[in-house]
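Asks: Coordinates in run33.tsv, TSV, C-alpha atoms, are listed below.
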chain	number	residue	atom	x	y	z
A	1	MET	CA	-2.89	49.33	1.23
A	2	ALA	CA	-1.21	47.27	3.95
A	3	ALA	CA	-4.57	46.57	5.57
A	4	GLN	CA	-5.90	45.23	2.27
A	5	GLN	CA	-2.89	42.97	1.67
A	6	ARG	CA	-2.79	41.51	5.19
A	7	PRO	CA	-5.65	38.98	4.74
A	8	VAL	CA	-3.98	37.68	1.58
A	9	GLY	CA	-0.74	37.06	3.48
A	10	LEU	CA	-2.59	35.39	6.33
A	11	SER	CA	-4.52	33.23	3.88
A	12	ARG	CA	-1.32	32.14	2.15
A	13	LEU	CA	0.28	31.34	5.51
A	14	LEU	CA	-2.77	29.34	6.59
A	15	VAL	CA	-2.81	27.39	3.32
A	16	GLY	CA	0.91	26.72	3.66
A	17	VAL	CA	0.65	25.45	7.23
A	18	LEU	CA	-2.43	23.30	6.63
A	19	SER	CA	-1.26	21.84	3.31
A	20	THR	CA	2.23	21.09	4.66
A	21	ALA	CA	0.81	19.46	7.78
A	22	THR	CA	-1.59	17.46	5.60
A	23	TRP	CA	1.26	16.37	3.32
A	24	MET	CA	3.31	15.28	6.34
A	25	LEU	CA	0.35	13.28	7.66
A	26	PHE	CA	-0.49	11.56	4.37
A	27	SER	CA	3.15	10.95	3.45
A	28	SER	CA	3.76	9.27	6.81
A	29	ALA	CA	0.53	7.30	6.46
A	30	VAL	CA	1.63	5.83	3.11
A	31	ILE	CA	4.84	4.51	4.69
A	32	ILE	CA	2.95	2.98	7.61
A	33	LEU	CA	0.18	1.50	5.45
A	34	ASN	CA	2.63	-0.10	3.00
A	35	LYS	CA	4.66	-1.55	5.87
A	36	ARG	CA	1.49	-3.02	7.38
A	37	LEU	CA	0.58	-4.52	4.01
A	38	TYR	CA	3.99	-6.17	3.71
A	39	SER	CA	3.85	-7.41	7.29
A	40	ALA	CA	0.41	-8.93	6.64
A	41	GLY	CA	1.93	-11.19	3.99
A	42	PHE	CA	1.59	-9.24	0.73
A	43	GLU	CA	5.32	-9.19	-0.04
A	44	TYR	CA	5.12	-7.84	-3.58
A	45	PRO	CA	6.62	-4.32	-3.74
A	46	SER	CA	6.33	-3.95	-7.51
A	47	THR	CA	2.58	-4.50	-7.32
A	48	VAL	CA	2.13	-2.14	-4.38
A	49	THR	CA	4.16	0.68	-5.94
A	50	GLY	CA	2.67	0.08	-9.39
A	51	VAL	CA	-0.88	0.49	-8.10
A	52	GLY	CA	0.24	3.53	-6.13
A	53	GLN	CA	1.64	5.12	-9.29
A	54	LEU	CA	-1.55	4.28	-11.17
A	55	PHE	CA	-3.56	6.17	-8.56
A	56	SER	CA	-1.01	9.00	-8.67
A	57	ALA	CA	-1.43	9.31	-12.44
A	58	GLY	CA	-5.17	9.50	-11.84
A	59	SER	CA	-4.60	12.26	-9.29
A	60	GLY	CA	-2.90	14.22	-12.07
A	61	PHE	CA	-6.17	14.37	-13.98
A	62	LEU	CA	-7.96	15.37	-10.78
A	63	LEU	CA	-5.39	18.07	-10.07
A	64	ALA	CA	-5.80	19.39	-13.60
A	65	ALA	CA	-9.53	19.70	-12.96
A	66	VAL	CA	-9.49	21.30	-9.50
A	67	ALA	CA	-6.34	23.44	-9.73
A	68	GLY	CA	-6.75	24.76	-13.26
A	69	GLN	CA	-3.57	23.12	-14.56
A	70	ARG	CA	-4.30	22.21	-18.14
A	71	LEU	CA	-2.92	19.00	-19.62
A	72	ARG	CA	-1.26	19.57	-22.96
A	73	ARG	CA	-1.15	16.84	-25.55
A	74	PRO	CA	1.32	14.02	-24.74
A	75	PRO	CA	4.86	14.59	-26.03
A	76	PRO	CA	5.86	12.97	-29.34
A	77	LEU	CA	7.02	9.35	-29.15
A	78	ARG	CA	10.61	10.35	-29.91
A	79	VAL	CA	10.69	12.88	-27.06
A	80	PHE	CA	8.98	10.42	-24.72
A	81	ALA	CA	11.46	7.61	-25.49
A	82	ARG	CA	14.51	9.87	-25.18
A	83	SER	CA	13.54	12.08	-22.24
A	84	LEU	CA	10.62	10.74	-20.21
A	85	LEU	CA	10.99	6.96	-20.42
A	86	PRO	CA	14.47	6.90	-18.77
A	87	ILE	CA	13.12	9.10	-15.97
A	88	ALA	CA	10.14	6.76	-15.52
A	89	ALA	CA	12.52	3.77	-15.44
A	90	CYS	CA	14.65	5.38	-12.72
A	91	THR	CA	11.50	6.30	-10.79
A	92	ALA	CA	10.26	2.72	-11.02
A	93	GLY	CA	13.62	1.39	-9.81
A	94	SER	CA	13.73	3.83	-6.91
A	95	MET	CA	10.22	2.91	-5.78
A	96	TYR	CA	10.68	-0.84	-6.19
A	97	PHE	CA	13.96	-1.05	-4.29
A	98	GLY	CA	12.81	1.48	-1.68
A	99	ASN	CA	9.71	-0.57	-0.88
A	100	MET	CA	11.70	-3.81	-1.04
A	101	ALA	CA	13.80	-2.45	1.84
A	102	TYR	CA	10.67	-2.38	4.03
A	103	LEU	CA	10.45	-6.17	3.71
A	104	TYR	CA	13.76	-6.54	5.58
A	105	LEU	CA	14.45	-3.40	7.64
A	106	SER	CA	12.57	-1.50	10.33
A	107	VAL	CA	10.62	1.64	9.51
A	108	SER	CA	12.78	3.68	11.89
A	109	PHE	CA	16.09	2.57	10.41
A	110	ILE	CA	14.93	3.30	6.85
A	111	GLN	CA	14.02	6.88	7.82
A	112	ILE	CA	17.55	7.27	9.20
A	113	LEU	CA	19.01	5.97	5.94
A	114	LYS	CA	17.00	8.47	3.90
A	115	ALA	CA	19.30	11.26	5.02
A	116	PHE	CA	22.08	9.65	2.97
A	117	THR	CA	20.42	10.13	-0.44
A	118	PRO	CA	21.72	13.71	-1.04
A	119	ALA	CA	25.30	12.43	-0.77
A	120	ILE	CA	24.73	9.95	-3.60
A	121	THR	CA	22.92	12.59	-5.65
A	122	LEU	CA	25.78	15.06	-5.27
A	123	ALA	CA	28.34	12.39	-6.22
A	124	LEU	CA	26.48	11.63	-9.45
A	125	CYS	CA	26.04	15.34	-10.22
A	126	VAL	CA	29.77	15.86	-9.84
A	127	ALA	CA	30.52	12.81	-12.01
A	128	ALA	CA	28.18	14.16	-14.69
A	129	ARG	CA	29.81	17.61	-14.40
A	130	LEU	CA	26.54	19.19	-13.38
A	131	GLU	CA	27.92	20.55	-10.13
A	132	ARG	CA	31.18	21.78	-8.66
A	133	PRO	CA	30.89	21.33	-4.89
A	134	SER	CA	32.07	24.12	-2.62
A	135	PRO	CA	33.87	23.44	0.69
A	136	PRO	CA	30.74	24.25	2.76
A	137	LEU	CA	28.70	21.84	0.63
A	138	LEU	CA	31.32	19.12	1.09
A	139	ALA	CA	31.23	19.77	4.83
A	140	ALA	CA	27.45	19.29	4.85
A	141	ILE	CA	27.80	16.04	2.89
A	142	ALA	CA	30.52	14.87	5.29
A	143	MET	CA	28.09	15.40	8.18
A	144	ILE	CA	25.43	13.39	6.36
A	145	VAL	CA	27.83	10.55	5.49
A	146	GLY	CA	29.42	10.47	8.94
A	147	GLY	CA	26.14	10.49	10.84
A	148	THR	CA	24.52	7.86	8.60
A	149	ALA	CA	27.62	5.64	8.66
A	150	GLY	CA	27.62	5.70	12.44
A	151	ALA	CA	23.95	4.71	12.59
A	152	VAL	CA	24.52	1.90	10.07
A	153	LEU	CA	27.54	0.62	11.98
A	154	VAL	CA	25.48	0.35	15.16
A	155	GLU	CA	22.51	-1.25	13.37
A	156	SER	CA	24.69	-3.80	11.55
A	157	GLY	CA	25.36	-5.54	14.86
A	158	ALA	CA	21.66	-5.85	15.71
A	159	PRO	CA	19.69	-9.07	15.04
A	160	SER	CA	17.12	-7.09	13.01
A	161	PHE	CA	19.71	-5.94	10.44
A	162	ARG	CA	19.42	-7.61	7.03
A	163	LEU	CA	22.10	-6.89	4.45
A	164	VAL	CA	19.71	-7.48	1.54
A	165	GLY	CA	17.43	-4.75	2.88
A	166	PHE	CA	20.32	-2.33	3.26
A	167	LEU	CA	21.52	-3.05	-0.30
A	168	ALA	CA	17.97	-2.60	-1.59
A	169	PHE	CA	17.78	0.84	0.01
A	170	MET	CA	21.16	1.81	-1.44
A	171	ALA	CA	19.89	0.72	-4.87
A	172	SER	CA	16.81	2.88	-4.31
A	173	SER	CA	18.97	5.90	-3.43
A	174	LEU	CA	21.19	5.31	-6.45
A	175	THR	CA	18.28	5.10	-8.90
A	176	GLU	CA	16.69	8.17	-7.30
A	177	ALA	CA	19.94	10.07	-7.75
A	178	ALA	CA	20.10	8.83	-11.34
A	179	ARG	CA	16.60	10.19	-11.86
A	180	VAL	CA	17.63	13.63	-10.63
A	181	VAL	CA	20.75	13.68	-12.81
A	182	GLY	CA	18.90	12.23	-15.79
A	183	ALA	CA	16.22	14.90	-15.53
A	184	GLU	CA	18.97	17.49	-16.06
A	185	LEU	CA	20.90	15.67	-18.78
A	186	LEU	CA	17.84	14.58	-20.79
A	187	ARG	CA	15.91	17.82	-20.55
A	188	ASP	CA	14.09	18.41	-23.85
A	189	GLY	CA	13.19	22.06	-23.27
A	190	SER	CA	9.61	21.32	-22.20
A	191	LYS	CA	8.37	22.47	-18.82
A	192	TYR	CA	5.78	20.14	-17.37
A	193	ASN	CA	3.40	21.33	-14.70
A	194	THR	CA	2.59	19.13	-11.71
A	195	ALA	CA	-0.45	17.50	-13.30
A	196	GLU	CA	1.47	16.72	-16.49
A	197	SER	CA	4.35	15.21	-14.50
A	198	LEU	CA	1.94	12.95	-12.64
A	199	VAL	CA	0.27	11.77	-15.84
A	200	TYR	CA	3.15	11.60	-18.32
A	201	ILE	CA	5.69	10.16	-15.87
A	202	GLY	CA	3.46	8.48	-13.28
A	203	GLY	CA	1.54	6.60	-15.98
A	204	PRO	CA	4.61	5.02	-17.65
A	205	THR	CA	6.13	4.33	-14.23
A	206	ALA	CA	2.98	2.45	-13.24
A	207	ALA	CA	3.09	0.48	-16.51
A	208	LEU	CA	6.72	-0.53	-15.91
A	209	LEU	CA	6.11	-1.59	-12.31
A	210	LEU	CA	2.92	-3.50	-13.07
A	211	GLY	CA	4.55	-5.14	-16.09
A	212	ILE	CA	7.37	-6.40	-13.86
A	213	ALA	CA	4.81	-7.49	-11.27
A	214	ALA	CA	2.84	-9.45	-13.87
A	215	VAL	CA	5.93	-11.47	-14.78
A	216	TRP	CA	7.73	-11.65	-11.46
A	217	GLU	CA	5.16	-11.38	-8.66
A	218	TRP	CA	1.65	-12.29	-9.77
A	219	PRO	CA	2.36	-15.98	-10.53
A	220	ALA	CA	3.79	-16.40	-7.01
A	221	ALA	CA	0.84	-14.50	-5.49
A	222	ALA	CA	-1.63	-16.69	-7.39
A	223	ALA	CA	0.22	-19.86	-6.37
A	224	ALA	CA	0.17	-18.81	-2.72
A	225	ALA	CA	-3.58	-18.20	-2.90
A	226	ALA	CA	-4.19	-21.53	-4.64
A	227	ALA	CA	-2.15	-23.39	-2.01
A	228	GLY	CA	-4.09	-21.70	0.79
A	229	ARG	CA	-0.95	-20.27	2.37
A	230	GLY	CA	-2.47	-16.84	2.91
A	231	GLY	CA	-1.04	-13.57	1.71
A	232	GLY	CA	-0.84	-12.80	-1.99
A	233	PHE	CA	-4.13	-12.49	-3.84
A	234	ALA	CA	-5.93	-14.22	-0.96
A	235	LEU	CA	-5.17	-11.19	1.20
A	236	ILE	CA	-6.66	-8.86	-1.42
A	237	ALA	CA	-9.81	-10.98	-1.64
A	238	ALA	CA	-10.18	-11.13	2.14
A	239	ALA	CA	-9.47	-7.45	2.81
A	240	PRO	CA	-9.57	-5.34	-0.38
A	241	ALA	CA	-9.70	-2.11	1.61
A	242	THR	CA	-6.26	-2.89	3.07
A	243	PHE	CA	-4.83	-2.97	-0.43
A	244	LEU	CA	-6.67	0.09	-1.78
A	245	VAL	CA	-6.24	2.57	1.09
A	246	ALA	CA	-2.47	3.08	0.58
A	247	PRO	CA	-2.67	4.09	-3.12
A	248	LEU	CA	-5.63	6.34	-2.34
A	249	VAL	CA	-3.59	8.08	0.34
A	250	SER	CA	-0.66	8.39	-2.08
A	251	ALA	CA	-2.95	10.33	-4.42
A	252	LEU	CA	-3.80	12.64	-1.50
A	253	VAL	CA	-0.05	13.05	-0.92
A	254	ASN	CA	0.24	14.51	-4.42
A	255	MET	CA	-2.67	16.88	-3.95
A	256	SER	CA	-1.45	18.22	-0.60
A	257	CYS	CA	2.12	18.37	-1.92
A	258	PHE	CA	1.02	20.63	-4.79
A	259	PHE	CA	-0.67	23.14	-2.50
A	260	ALA	CA	2.16	23.04	0.06
A	261	ILE	CA	4.85	23.68	-2.56
A	262	ASN	CA	2.94	26.65	-3.94
A	263	ALA	CA	2.45	28.18	-0.48
A	264	THR	CA	5.88	27.57	1.12
A	265	SER	CA	9.55	27.92	0.32
A	266	SER	CA	11.82	25.09	-0.79
A	267	LEU	CA	13.75	25.14	2.49
A	268	THR	CA	10.56	25.09	4.56
A	269	PHE	CA	9.31	22.07	2.65
A	270	LYS	CA	12.59	20.19	3.11
A	271	VAL	CA	12.65	20.95	6.84
A	272	ALA	CA	9.06	19.68	7.03
A	273	GLY	CA	10.26	16.48	5.36
A	274	CYS	CA	12.94	16.08	8.04
A	275	VAL	CA	10.37	16.60	10.79
A	276	LYS	CA	8.11	14.03	9.13
A	277	ASN	CA	10.92	11.47	9.02
A	278	VAL	CA	11.70	12.06	12.68
A	279	ALA	CA	8.01	11.56	13.50
A	280	VAL	CA	7.99	8.26	11.58
A	281	VAL	CA	11.10	7.14	13.48
A	282	ALA	CA	9.29	7.91	16.75
A	283	TYR	CA	6.23	6.02	15.52
A	284	GLY	CA	8.31	2.92	14.78
A	285	VAL	CA	9.85	3.03	18.25
A	286	VAL	CA	6.59	3.66	20.13
A	287	ALA	CA	4.09	1.62	18.08
A	288	HIS	CA	6.27	-1.32	17.06
A	289	GLY	CA	8.97	-1.38	19.71
A	290	GLU	CA	11.76	-0.87	17.17
A	291	ALA	CA	15.08	-0.46	18.96
A	292	ILE	CA	17.02	2.76	18.43
A	293	THR	CA	20.22	3.24	20.44
A	294	PRO	CA	21.51	6.60	21.71
A	295	LEU	CA	24.41	6.33	19.23
A	296	GLN	CA	21.95	5.96	16.36
A	297	VAL	CA	20.00	8.96	17.61
A	298	ALA	CA	23.23	10.97	17.75
A	299	GLY	CA	24.24	9.85	14.26
A	300	TYR	CA	20.79	10.69	12.89
A	301	ALA	CA	20.92	14.13	14.52
A	302	VAL	CA	24.25	14.83	12.79
A	303	SER	CA	22.80	13.63	9.46
A	304	VAL	CA	19.71	15.83	9.83
A	305	ALA	CA	21.88	18.84	10.69
A	306	GLY	CA	24.02	18.12	7.63
A	307	PHE	CA	20.93	17.76	5.44
A	308	THR	CA	19.53	21.07	6.70
A	309	LEU	CA	22.83	22.80	5.93
A	310	TYR	CA	22.93	21.09	2.53
A	311	SER	CA	19.41	22.32	1.73
A	312	GLN	CA	20.27	25.88	2.74
A	313	LEU	CA	23.45	25.88	0.64
A	314	LYS	CA	21.63	24.44	-2.37
A	315	ARG	CA	18.85	27.00	-1.99
A	316	ALA	CA	21.13	30.05	-2.00
A	317	PRO	CA	22.43	29.73	-5.62
A	318	SER	CA	18.93	28.90	-6.86
A	319	ALA	CA	17.51	32.00	-5.21
A	320	ALA	CA	20.26	34.14	-6.71
A	321	ARG	CA	19.65	32.74	-10.20
A	322	ALA	CA	15.91	33.23	-9.82
A	323	ALA	CA	16.39	36.88	-8.82
A	324	ALA	CA	18.77	37.48	-11.72
A	325	THR	CA	16.40	36.05	-14.31
A	326	ALA	CA	13.08	37.20	-12.86
A	327	THR	CA	12.74	40.18	-15.22
A	328	THR	CA	13.46	38.21	-18.38
A	329	THR	CA	11.23	35.28	-17.51
A	330	LYS	CA	8.25	37.10	-16.07
A	331	ALA	CA	6.49	37.64	-19.39
A	332	ALA	CA	6.98	34.04	-20.50
A	333	ALA	CA	5.88	32.63	-17.16
A	334	ALA	CA	2.68	34.64	-17.18
A	335	GLY	CA	1.33	32.80	-20.19
A	336	GLY	CA	2.82	29.36	-19.75
A	337	PRO	CA	2.29	26.40	-17.45
A	338	GLU	CA	3.88	26.23	-14.04
A	339	ALA	CA	7.35	24.71	-14.31
A	340	VAL	CA	8.08	21.87	-11.96
A	341	THR	CA	10.73	19.21	-12.00
A	342	ASP	CA	9.32	15.78	-12.53
A	343	GLY	CA	10.20	13.10	-10.04
A	344	ALA	CA	8.84	10.62	-7.59
A	345	ASP	CA	8.38	10.21	-3.93
A	346	GLY	CA	9.00	6.79	-2.42
A	347	GLY	CA	5.50	6.95	-1.07
A	348	GLY	CA	4.00	6.83	-4.51
A	349	GLY	CA	3.92	10.40	-5.76
A	350	THR	CA	5.59	12.25	-8.60
A	351	ALA	CA	4.59	15.79	-7.69
A	352	GLY	CA	6.94	18.52	-6.64
A	353	LYS	CA	10.16	16.59	-6.27
A	354	SER	CA	12.23	19.58	-7.19
A	355	LYS	CA	11.69	20.95	-3.69
A	356	ARG	CA	12.48	17.68	-1.95
A	357	ALA	CA	15.35	16.18	-3.89
Can you present the structure in this file as structure tokens?

Replies:
Amino acid sequence: MAAQQRPVGLSRLLVGVLSTATWMLFSSAVIILNKRLYSAGFEYPSTVTGVGQLFSAGSGFLLAAVAGQRLRRPPPLRVFARSLLPIAACTAGSMYFGNMAYLYLSVSFIQILKAFTPAITLALCVAARLERPSPPLLAAIAMIVGGTAGAVLVESGAPSFRLVGFLAFMASSLTEAARVVGAELLRDGSKYNTAESLVYIGGPTAALLLGIAAVWEWPAAAAAAAAGRGGGFALIAAAPATFLVAPLVSALVNMSCFFAINATSSLTFKVAGCVKNVAVVAYGVVAHGEAITPLQVAGYAVSVAGFTLYSQLKRAPSAARAAATATTTKAAAAGGPEAVTDGADGGGGTAGKSKRA
């Protein structure tokens, strides 16, 4: 019996390693490609993220076809307006402000700031009475806050620091935390699989972002092209591949994320996210000469340690609840769609956020 089960275990391990490594590669590539697009003169984050979400919604249909996840009929308008639209609005805000930060801050510094998001999320969960933090959890958050604050304090004295970029990232973290809390408070009883989350949340998110872009960004982009200043729509016309590669990669992020989440544990996936962020920090330093001081490295190390502890502490109660309810939910789960929490990645995806938030 053991000999027959061994190949299955090895296959699952191989799928987990390859899909997680692929997700890390594509997720890092989206960050780098978007930053290059902004640096080239296309300084319109709502357009970039809106197109990325449009491709992500399309990847939901593709995922439904290749992974056997059926798409049920869209929810009624009342359910959509009360439950899904606020989540899409928070997702749009998180993506817009997160990408806006890349216009003003270095890639490396933004990766350091990302460790701070769980602290904001926990604060909103406590305010909404969704969580009662334990002393160990507060200690983990204190490590995150202390390490990030130290890195910000050092960066604030550097010439490259822009307050508007820092405030944009904080707005992104706040709207992302609001999305997580809203997903709990506005839950309508439906369980959406990954493909459904991409389509029914990614689609409206794309519509919101592109609607804002049409009013706020496209007139300026058209005027820049007409005046021959470069950037804007002129950049798209001159190099359309530059504009299309990033959203295509964001769709691949969703596909690899789906397979990685199904083949690994929540903690493994979060640790992989930390490793990915560290790799992007190193890329910014090596490829673009972004300055990172030893104090910032030390602060980031404390933040990452705090985040790892936070993830482990958050995982323990979830595992206990899952074990306690496994018997009662097994029959229902066998016939229903896979339950995933909807959400969004700053890189353009809405798949599998429950294991990364």

Asks: Which residue out of A:Gly306, A:Gly299, A:Gly52, A:Pro204 has the minimum interatomic distance to Ala81 (chain A) when all atoms listed in the file are used?

Replies: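 Among the listed residues, the smallest separation from Ala81 (chain A) belongs to A:Pro204.
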
Asks: Which is closer to Ala221 (chain A) than all the others in A:Thr264, A:Thr47, A:Ser94, A:Ser311, using all atoms listed in the file?

Replies: A:Thr47

Asks: So what do you get for CA of Ala207 (chain A) versus CA of Ala123 (chain A), distance-wise?

Replies: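 Here the two named atoms are 29.8 Å from each other.
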
Asks: Would you mind telling me which residue in A:Glu155, A:Glu176, A:Glu217, A:Glu184 lies nearest to Thr121 (chain A) when using only C-alpha atoms?

Replies: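 With only C-alpha atoms as the atom set, the closest residue is A:Glu176.
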
Asks: What's around Ala92 (chain A) at 7 Å? Count only C-alpha atoms, leave out sequence neighbours fewer than 3 positions away in its own chain, and write the answer as a list in words.

Replies: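 In the requested form, the answer reads Ala88, Ala89, Met95, Tyr96, Thr205, Leu208 and Leu209 of chain A.
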
Asks: Save the residues we just selected, C-alpha atoms, as an mmCIF file, in the frame of the given file?

Replies:
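Okay, this is what ended up in out_15.cif:
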data_model
loop_
_atom_site.group_PDB
_atom_site.id
_atom_site.type_symbol
_atom_site.label_atom_id
_atom_site.label_comp_id
_atom_site.auth_asym_id
_atom_site.auth_seq_id
_atom_site.Cartn_x
_atom_site.Cartn_y
_atom_site.Cartn_z
ATOM 1 C CA ALA A 88 10.140 6.760 -15.520
ATOM 2 C CA ALA A 89 12.520 3.770 -15.440
ATOM 3 C CA MET A 95 10.220 2.910 -5.780
ATOM 4 C CA TYR A 96 10.680 -0.840 -6.190
ATOM 5 C CA THR A 205 6.130 4.330 -14.230
ATOM 6 C CA LEU A 208 6.720 -0.530 -15.910
ATOM 7 C CA LEU A 209 6.110 -1.590 -12.310
#

Asks: Using CA of Met100 (chain A) and CA of Val164 (chain A) as the two end points, give the distance in Å to one decimal.

Replies: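 CA of Val164 (chain A) lies 9.2 Å from CA of Met100 (chain A).
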
Asks: Tell me, as a PDB file with C-alpha atoms, in the coordinates of the input, which residues lie within 12 Å of Leu18 (chain A), counting all atoms listed in the file; anything in the same chain fewer than 2 positions away does not count.

Replies:
ATOM      1  CA  SER A  11      -4.520  33.230   3.880  1.00  0.00           C
ATOM      2  CA  ARG A  12      -1.320  32.140   2.150  1.00  0.00           C
ATOM      3  CA  LEU A  13       0.280  31.340   5.510  1.00  0.00           C
ATOM      4  CA  LEU A  14      -2.770  29.340   6.590  1.00  0.00           C
ATOM      5  CA  VAL A  15      -2.810  27.390   3.320  1.00  0.00           C
ATOM      6  CA  GLY A  16       0.910  26.720   3.660  1.00  0.00           C
ATOM      7  CA  THR A  20       2.230  21.090   4.660  1.00  0.00           C
ATOM      8  CA  ALA A  21       0.810  19.460   7.780  1.00  0.00           C
ATOM      9  CA  THR A  22      -1.590  17.460   5.600  1.00  0.00           C
ATOM     10  CA  TRP A  23       1.260  16.370   3.320  1.00  0.00           C
ATOM     11  CA  MET A  24       3.310  15.280   6.340  1.00  0.00           C
ATOM     12  CA  LEU A  25       0.350  13.280   7.660  1.00  0.00           C
ATOM     13  CA  SER A 256      -1.450  18.220  -0.600  1.00  0.00           C
ATOM     14  CA  CYS A 257       2.120  18.370  -1.920  1.00  0.00           C
ATOM     15  CA  PHE A 259      -0.670  23.140  -2.500  1.00  0.00           C
ATOM     16  CA  ALA A 260       2.160  23.040   0.060  1.00  0.00           C
ATOM     17  CA  ILE A 261       4.850  23.680  -2.560  1.00  0.00           C
ATOM     18  CA  ALA A 263       2.450  28.180  -0.480  1.00  0.00           C
ATOM     19  CA  THR A 264       5.880  27.570   1.120  1.00  0.00           C
TER      20      THR A 264
END

Asks: Interatomic distance between CA of Pro240 (chain A) and CA of Val285 (chain A)?

Replies: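 Taking CA of Pro240 (chain A) as the start and CA of Val285 (chain A) as the end point, the length is 28.2 Å.
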
Asks: Could you give me, as an mmCIF file with C-alpha atoms, keeping the file's coordinate frame, the residues within 12 Å of Val275 (chain A), counting all atoms listed in the file and dropping anything in the same chain fewer than 3 positions from it?

Replies:
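Output (result.cif):
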data_model
loop_
_atom_site.group_PDB
_atom_site.id
_atom_site.type_symbol
_atom_site.label_atom_id
_atom_site.label_comp_id
_atom_site.auth_asym_id
_atom_site.auth_seq_id
_atom_site.Cartn_x
_atom_site.Cartn_y
_atom_site.Cartn_z
ATOM 1 C CA THR A 20 2.230 21.090 4.660
ATOM 2 C CA ALA A 21 0.810 19.460 7.780
ATOM 3 C CA TRP A 23 1.260 16.370 3.320
ATOM 4 C CA MET A 24 3.310 15.280 6.340
ATOM 5 C CA LEU A 25 0.350 13.280 7.660
ATOM 6 C CA SER A 27 3.150 10.950 3.450
ATOM 7 C CA SER A 28 3.760 9.270 6.810
ATOM 8 C CA GLN A 111 14.020 6.880 7.820
ATOM 9 C CA ILE A 112 17.550 7.270 9.200
ATOM 10 C CA ALA A 115 19.300 11.260 5.020
ATOM 11 C CA THR A 268 10.560 25.090 4.560
ATOM 12 C CA PHE A 269 9.310 22.070 2.650
ATOM 13 C CA LYS A 270 12.590 20.190 3.110
ATOM 14 C CA VAL A 271 12.650 20.950 6.840
ATOM 15 C CA ALA A 272 9.060 19.680 7.030
ATOM 16 C CA VAL A 278 11.700 12.060 12.680
ATOM 17 C CA ALA A 279 8.010 11.560 13.500
ATOM 18 C CA VAL A 280 7.990 8.260 11.580
ATOM 19 C CA VAL A 281 11.100 7.140 13.480
ATOM 20 C CA ALA A 282 9.290 7.910 16.750
ATOM 21 C CA ALA A 301 20.920 14.130 14.520
ATOM 22 C CA VAL A 304 19.710 15.830 9.830
ATOM 23 C CA ALA A 305 21.880 18.840 10.690
ATOM 24 C CA PHE A 307 20.930 17.760 5.440
ATOM 25 C CA THR A 308 19.530 21.070 6.700
#

Asks: Which one is closest to Leu33 (chain A): A:Val249, A:Leu295, A:Leu113, A:Leu309? Count only C-alpha atoms.

Replies: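 Nearest to Leu33 (chain A): A:Val249.
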
Asks: Which is closest to Asn262 (chain A) among A:Arg36, A:Glu196, A:Ala67, A:Arg162, if we use all atoms listed in the file?

Replies: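 Nearest to Asn262 (chain A): A:Ala67.
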
Asks: Find the residues near region 71-80 of chain A: any atom within 12 Å, counting only C-alpha atoms, skip ones fewer than 6 places away on the same chain, and give them as a count of residues only.

Replies: 31

Asks: Enumerate, as number ranges by chain, the protein, DNA and RNA residues whose atoms approach (15.3, 1.3, -2.3) to within 12 Å, taking into account only C-alpha atoms and the coordinate frame of the file.

Replies: A: 45-46, 49, 90-105, 110-111, 113-114, 116-117, 164-177, 345-347

Asks: Can you complete the atoms of region 208-218 of chain A to N, CA and C atoms and list them as a PDB file, keeping the file's coordinate frame?

Replies:
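This is the output file selection-v1.pdb:
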ATOM      1  N   LEU A 208       5.485   0.233 -16.099  1.00  0.00           N
ATOM      2  CA  LEU A 208       6.720  -0.530 -15.910  1.00  0.00           C
ATOM      3  C   LEU A 208       6.631  -1.417 -14.665  1.00  0.00           C
ATOM      4  N   LEU A 209       6.178  -0.834 -13.555  1.00  0.00           N
ATOM      5  CA  LEU A 209       6.110  -1.590 -12.310  1.00  0.00           C
ATOM      6  C   LEU A 209       5.092  -2.724 -12.388  1.00  0.00           C
ATOM      7  N   LEU A 210       3.936  -2.455 -12.963  1.00  0.00           N
ATOM      8  CA  LEU A 210       2.920  -3.500 -13.070  1.00  0.00           C
ATOM      9  C   LEU A 210       3.306  -4.555 -14.092  1.00  0.00           C
ATOM     10  N   GLY A 211       4.050  -4.158 -15.137  1.00  0.00           N
ATOM     11  CA  GLY A 211       4.550  -5.140 -16.090  1.00  0.00           C
ATOM     12  C   GLY A 211       5.532  -6.095 -15.428  1.00  0.00           C
ATOM     13  N   ILE A 212       6.433  -5.561 -14.610  1.00  0.00           N
ATOM     14  CA  ILE A 212       7.370  -6.400 -13.860  1.00  0.00           C
ATOM     15  C   ILE A 212       6.606  -7.295 -12.881  1.00  0.00           C
ATOM     16  N   ALA A 213       5.595  -6.719 -12.230  1.00  0.00           N
ATOM     17  CA  ALA A 213       4.810  -7.490 -11.270  1.00  0.00           C
ATOM     18  C   ALA A 213       4.092  -8.656 -11.951  1.00  0.00           C
ATOM     19  N   ALA A 214       3.571  -8.406 -13.159  1.00  0.00           N
ATOM     20  CA  ALA A 214       2.840  -9.450 -13.870  1.00  0.00           C
ATOM     21  C   ALA A 214       3.725 -10.653 -14.169  1.00  0.00           C
ATOM     22  N   VAL A 215       5.004 -10.390 -14.448  1.00  0.00           N
ATOM     23  CA  VAL A 215       5.930 -11.470 -14.780  1.00  0.00           C
ATOM     24  C   VAL A 215       6.565 -12.068 -13.532  1.00  0.00           C
ATOM     25  N   TRP A 216       6.894 -11.231 -12.567  1.00  0.00           N
ATOM     26  CA  TRP A 216       7.730 -11.650 -11.460  1.00  0.00           C
ATOM     27  C   TRP A 216       6.954 -11.984 -10.194  1.00  0.00           C
ATOM     28  N   GLU A 217       5.849 -11.259  -9.947  1.00  0.00           N
ATOM     29  CA  GLU A 217       5.160 -11.380  -8.660  1.00  0.00           C
ATOM     30  C   GLU A 217       3.806 -12.076  -8.728  1.00  0.00           C
ATOM     31  N   TRP A 218       3.020 -11.788  -9.741  1.00  0.00           N
ATOM     32  CA  TRP A 218       1.650 -12.290  -9.770  1.00  0.00           C
ATOM     33  C   TRP A 218       1.562 -13.819  -9.836  1.00  0.00           C
TER      34      TRP A 218
END
